[in-house]
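Raw contents of input.cif, mmCIF, C-alpha atoms:
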```
data_entry
#
loop_
_atom_site.label_atom_id
_atom_site.label_comp_id
_atom_site.auth_asym_id
_atom_site.auth_seq_id
_atom_site.Cartn_x
_atom_site.Cartn_y
_atom_site.Cartn_z
CA MET A 1 0.00 0.00 0.00
CA ASN A 2 1.21 3.51 -0.85
CA THR A 3 2.65 5.54 2.07
CA SER A 4 0.73 8.70 1.13
CA MET A 5 -2.50 6.67 0.91
CA THR A 6 -1.84 5.27 4.41
CA GLY A 7 -1.18 8.79 5.71
CA ARG A 8 -4.45 10.07 4.25
CA ARG A 9 -6.41 7.21 5.78
CA LEU A 10 -4.74 7.76 9.14
CA ARG A 11 -5.58 11.50 9.02
CA GLY A 12 -9.17 10.62 8.09
CA ILE A 13 -9.48 8.21 11.01
CA ILE A 14 -8.00 10.76 13.44
CA LEU A 15 -10.35 13.47 12.14
CA LEU A 16 -13.34 11.16 12.53
CA LEU A 17 -12.24 10.25 16.07
CA VAL A 18 -11.82 13.91 17.06
CA ALA A 19 -15.22 14.79 15.58
CA THR A 20 -16.85 11.92 17.46
CA LEU A 21 -15.23 12.95 20.76
CA ALA A 22 -16.15 16.60 20.24
CA THR A 23 -19.75 15.70 19.49
CA GLY A 24 -19.91 13.63 22.66
CA ALA A 25 -18.51 16.55 24.68
CA ILE A 26 -21.21 19.00 23.59
CA THR A 27 -23.72 19.72 26.30
CA ALA A 28 -27.37 20.66 25.97
CA ARG A 29 -26.56 24.23 27.07
CA ALA A 30 -24.28 25.56 24.35
CA GLU A 31 -23.67 29.19 25.23
CA SER A 32 -22.33 32.01 23.07
CA SER A 33 -21.20 35.45 24.17
CA PHE A 34 -19.93 38.56 22.42
CA GLY A 35 -18.36 41.61 24.02
CA ILE A 36 -15.60 44.15 24.32
CA LYS A 37 -12.29 44.09 26.15
CA ALA A 38 -9.87 46.74 27.38
CA GLY A 39 -6.52 46.32 29.02
CA TYR A 40 -2.77 46.72 29.17
CA MET A 41 -0.04 45.41 26.83
CA THR A 42 3.42 44.90 28.30
CA ARG A 43 5.35 45.02 25.00
CA ASN A 44 4.99 48.77 24.58
CA ASN A 45 3.41 49.69 27.96
CA SER A 46 0.19 50.72 26.27
CA ALA A 47 -3.56 50.27 26.29
CA LEU A 48 -5.30 47.61 24.25
CA ALA A 49 -8.92 47.31 23.14
CA GLY A 50 -10.83 44.71 21.21
CA LEU A 51 -13.74 42.39 20.57
CA VAL A 52 -14.24 38.95 22.13
CA PHE A 53 -16.44 36.04 21.12
CA ARG A 54 -16.87 32.85 23.11
CA GLN A 55 -18.59 29.64 22.11
CA THR A 56 -19.08 26.94 24.72
CA LEU A 57 -18.63 23.45 23.28
CA GLY A 58 -18.82 21.42 26.47
CA LYS A 59 -18.91 21.66 30.24
CA HIS A 60 -15.18 22.36 30.36
CA LEU A 61 -14.42 23.44 26.77
CA ARG A 62 -14.86 26.80 25.07
CA LEU A 63 -13.51 28.42 21.89
CA ALA A 64 -12.58 32.09 22.27
CA PRO A 65 -11.43 34.04 19.21
CA GLN A 66 -10.48 37.68 19.84
CA ILE A 67 -9.28 40.63 17.80
CA GLY A 68 -7.77 43.81 19.14
CA VAL A 69 -5.61 46.85 18.66
CA VAL A 70 -2.69 48.00 20.78
CA MET A 71 -2.47 51.79 21.01
CA ARG A 72 0.71 53.53 19.92
CA ASN A 73 3.31 54.15 22.59
CA SER A 74 7.10 54.34 22.23
CA ASP A 75 6.55 54.45 18.44
CA ARG A 76 4.95 50.97 18.45
CA ASP A 77 1.37 49.77 17.89
CA ALA A 78 -0.21 46.51 16.79
CA LEU A 79 -3.14 44.56 15.49
CA ILE A 80 -3.59 41.30 17.40
CA ALA A 81 -5.78 38.27 16.71
CA ASP A 82 -6.04 35.26 19.01
CA ALA A 83 -7.76 31.89 18.75
CA ASP A 84 -7.79 30.53 22.29
CA VAL A 85 -9.31 27.49 23.93
CA HIS A 86 -10.61 27.89 27.50
CA PHE A 87 -11.15 25.12 30.03
CA PRO A 88 -13.63 26.72 32.48
CA PHE A 89 -14.36 25.33 35.96
CA ALA A 90 -17.13 26.72 38.15
CA THR A 91 -15.80 27.55 41.62
CA ALA A 92 -19.02 29.14 42.91
CA PRO A 93 -22.58 29.35 41.56
CA ARG A 94 -21.90 32.32 39.23
CA PHE A 95 -18.10 32.45 39.28
CA SER A 96 -15.60 30.43 37.21
CA VAL A 97 -11.88 30.28 36.49
CA TYR A 98 -10.20 28.95 33.39
CA PRO A 99 -6.76 28.18 32.05
CA LEU A 100 -6.28 28.99 28.37
CA VAL A 101 -4.03 28.02 25.48
CA GLY A 102 -4.13 29.16 21.89
CA VAL A 103 -2.49 30.60 18.83
CA ALA A 104 -1.79 34.26 18.15
CA PHE A 105 -1.18 36.48 15.15
CA ASN A 106 0.47 39.81 15.90
CA SER A 107 1.16 42.56 13.39
CA TRP A 108 3.45 45.07 15.10
CA ASN A 109 4.23 48.46 13.56
CA ARG A 110 7.32 50.47 14.43
CA HIS A 111 7.13 54.13 13.46
CA GLU A 112 10.24 56.18 12.81
CA THR A 113 10.63 59.72 11.59
CA GLU A 114 13.14 60.39 8.85
CA VAL A 115 14.30 63.93 8.32
CA LEU A 116 14.73 64.56 4.62
CA ASP A 117 17.05 67.42 3.84
CA PHE A 118 16.61 69.13 0.51
CA SER A 119 19.90 71.06 0.43
CA ASN A 120 19.18 72.66 -2.89
CA GLU A 121 15.90 74.17 -1.70
CA ASN A 122 16.96 75.03 1.87
CA THR A 123 13.98 73.08 3.27
CA SER A 124 13.60 69.90 5.25
CA CYS A 125 10.70 67.51 5.64
CA ASP A 126 9.81 64.93 8.28
CA LYS A 127 8.59 61.61 6.87
CA ASP A 128 6.88 58.91 8.95
CA VAL A 129 8.36 55.53 8.06
CA THR A 130 6.56 52.42 9.31
CA HIS A 131 8.12 48.96 9.62
CA HIS A 132 5.76 45.98 9.97
CA THR A 133 6.52 42.69 11.71
CA ASN A 134 3.91 39.93 11.31
CA SER A 135 4.33 36.83 13.47
CA LEU A 136 2.52 33.71 14.65
CA GLY A 137 2.90 32.56 18.22
CA LEU A 138 1.39 30.70 21.17
CA ASN A 139 -0.78 31.96 24.05
CA ALA A 140 -0.95 30.63 27.60
CA GLY A 141 -2.73 32.16 30.55
CA ALA A 142 -5.77 32.18 32.80
CA GLY A 143 -8.93 34.09 33.47
CA ILE A 144 -11.82 34.54 35.83
CA GLU A 145 -15.40 35.46 35.01
CA PHE A 146 -18.53 36.39 36.87
CA ASP A 147 -22.05 35.86 35.52
CA CYS A 148 -23.81 39.07 36.60
CA THR A 149 -27.09 37.92 35.07
CA SER A 150 -28.11 35.19 32.65
CA THR A 151 -27.22 37.55 29.78
CA LEU A 152 -24.22 39.50 31.13
CA LYS A 153 -20.67 38.39 32.00
CA LEU A 154 -17.73 40.32 33.43
CA GLY A 155 -14.21 38.98 33.50
CA LEU A 156 -10.47 39.42 33.85
CA GLU A 157 -7.91 37.64 31.67
CA CYS A 158 -4.11 37.48 31.82
CA LYS A 159 -2.03 35.78 29.17
CA TYR A 160 1.47 35.59 27.80
CA THR A 161 2.12 35.42 24.07
CA LEU A 162 5.31 33.66 23.06
CA ILE A 163 6.04 35.11 19.64
CA LYS A 164 9.19 35.80 17.64
CA HIS A 165 10.59 39.35 18.07
CA ASN A 166 7.60 40.64 20.09
CA PRO A 167 6.75 38.43 23.10
CA ASN A 168 4.20 40.14 25.31
CA GLY A 169 1.88 39.95 28.27
CA GLN A 170 -1.73 41.06 28.16
CA PHE A 171 -3.97 41.99 31.08
CA SER A 172 -7.57 42.73 30.12
CA VAL A 173 -11.10 43.07 31.47
CA PHE A 174 -14.15 42.28 29.42
CA ILE A 175 -17.89 42.66 29.42
CA ALA A 176 -19.94 40.32 27.25
CA TYR A 177 -23.55 39.77 26.28
CA VAL A 178 -24.61 36.11 26.54
CA PHE A 179 -27.03 34.74 23.96
#
```
Show how you would write the structure in this file as structure tokens.
Amino acid sequence: MNTSMTGRRLRGIILLLVATLATGAITARAESSFGIKAGYMTRNNSALAGLVFRQTLGKHLRLAPQIGVVMRNSDRDALIADADVHFPFATAPRFSVYPLVGVAFNSWNRHETEVLDFSNENTSCDKDVTHHTNSLGLNAGAGIEFDCTSTLKLGLECKYTLIKHNPNGQFSVFIAYVF
């Protein structure tokens, strides 16, 4: 039998197994939430803001994609996108904690000002030059959340992003509508 054919069959079997396990992990109460976040980014000591979405897949499994912007400070700003997986555990009736892992995409911009000297015209001009660094990395962290009502959540999340050239820590609070 061909090696590539065996590899395809093996991938198909693994995919089928994962789909079967995921289907068995889904609970009757699949919950979704959408909200906003605000916080602090350690890479450039700046504020961050963004949107969060969370989809519960099981009692202790949740997908949590996020997108955000890091405000400019020290001539650096960024666009960040994360695809995290949370493992929530209720510690009180309306309070839960969760570890998280995931993947991250960061697009950092470094702004520099070049002074262009036009000697012939006796004038000079400042030009903003931007350098972009796009990288993929890994997230690890934890969070806590409080269910204020059946349709409103508040939370705090801390995570570290291990990424080439721009590793960073993020501390954020969020408010989300549950539907």
Problem set entry | For A:His111, the nearest of the candidates A:Val129, A:Val69, A:Leu61, A:Ala81, counting only C-alpha atoms |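 The closest residue to A:His111 is A:Val129.
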For this session: Return as a PyMOL selection string the set of residues that the PyMOL selection byres ((chain A and resi 174) around 10) yields on the displayed structure.
Result: chain A and resi 34-39+49-52+145+153-157+172-173+175-176
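The spacing separating atom CA of A:Ala140 from atom CA of A:Leu57 amounts to 19.6 Å.
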Exercise. For the atom pair atom CA of A:Ala64 and atom CA of A:Thr149, what is the interatomic distance in Å to one decimal place?
Worked result: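 Taking atom CA of A:Ala64 as the start and atom CA of A:Thr149 as the end point, the length is 20.2 Å.
On the file presented, the PyMOL selection byres ((chain A and resi 167) around 12) picks out Met41, Thr42, Arg43, Asn44, Ala104, Phe105, Asn106, Ser107, Trp108, Ser135, Leu136, Gly137, Leu138, Asn139, Ala140, Lys159, Tyr160, Thr161, Leu162, Ile163, Lys164, His165, Asn166, Asn168, Gly169 and Gln170 of chain A.
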For this session: Tell me, in Å to one decimal, how far atom CA of A:Gly102 is from atom CA of A:Ala142.
Result: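 Calculated distance between atom CA of A:Gly102 and atom CA of A:Ala142 is 11.4 Å.
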Exercise. Looking at only C-alpha atoms, which of A:Ser150, A:Ser46, A:Gln55, A:Thr130 is the one that sits closest to A:His86?
Worked result: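 Smallest separation from A:His86 among the options: A:Gln55.
When all atoms listed in the file are used to measure the gap to A:Tyr40, the shortest distance among A:Leu63, A:Cys158, A:Ala90, A:Cys148 belongs to A:Cys158.
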Exercise. With distances taken over all atoms listed in the file, which of A:Thr151, A:Asn45, A:Thr56, A:Asn134 is nearest to A:Leu79?
Worked result: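 Closest to A:Leu79 of all the choices is A:Asn134.
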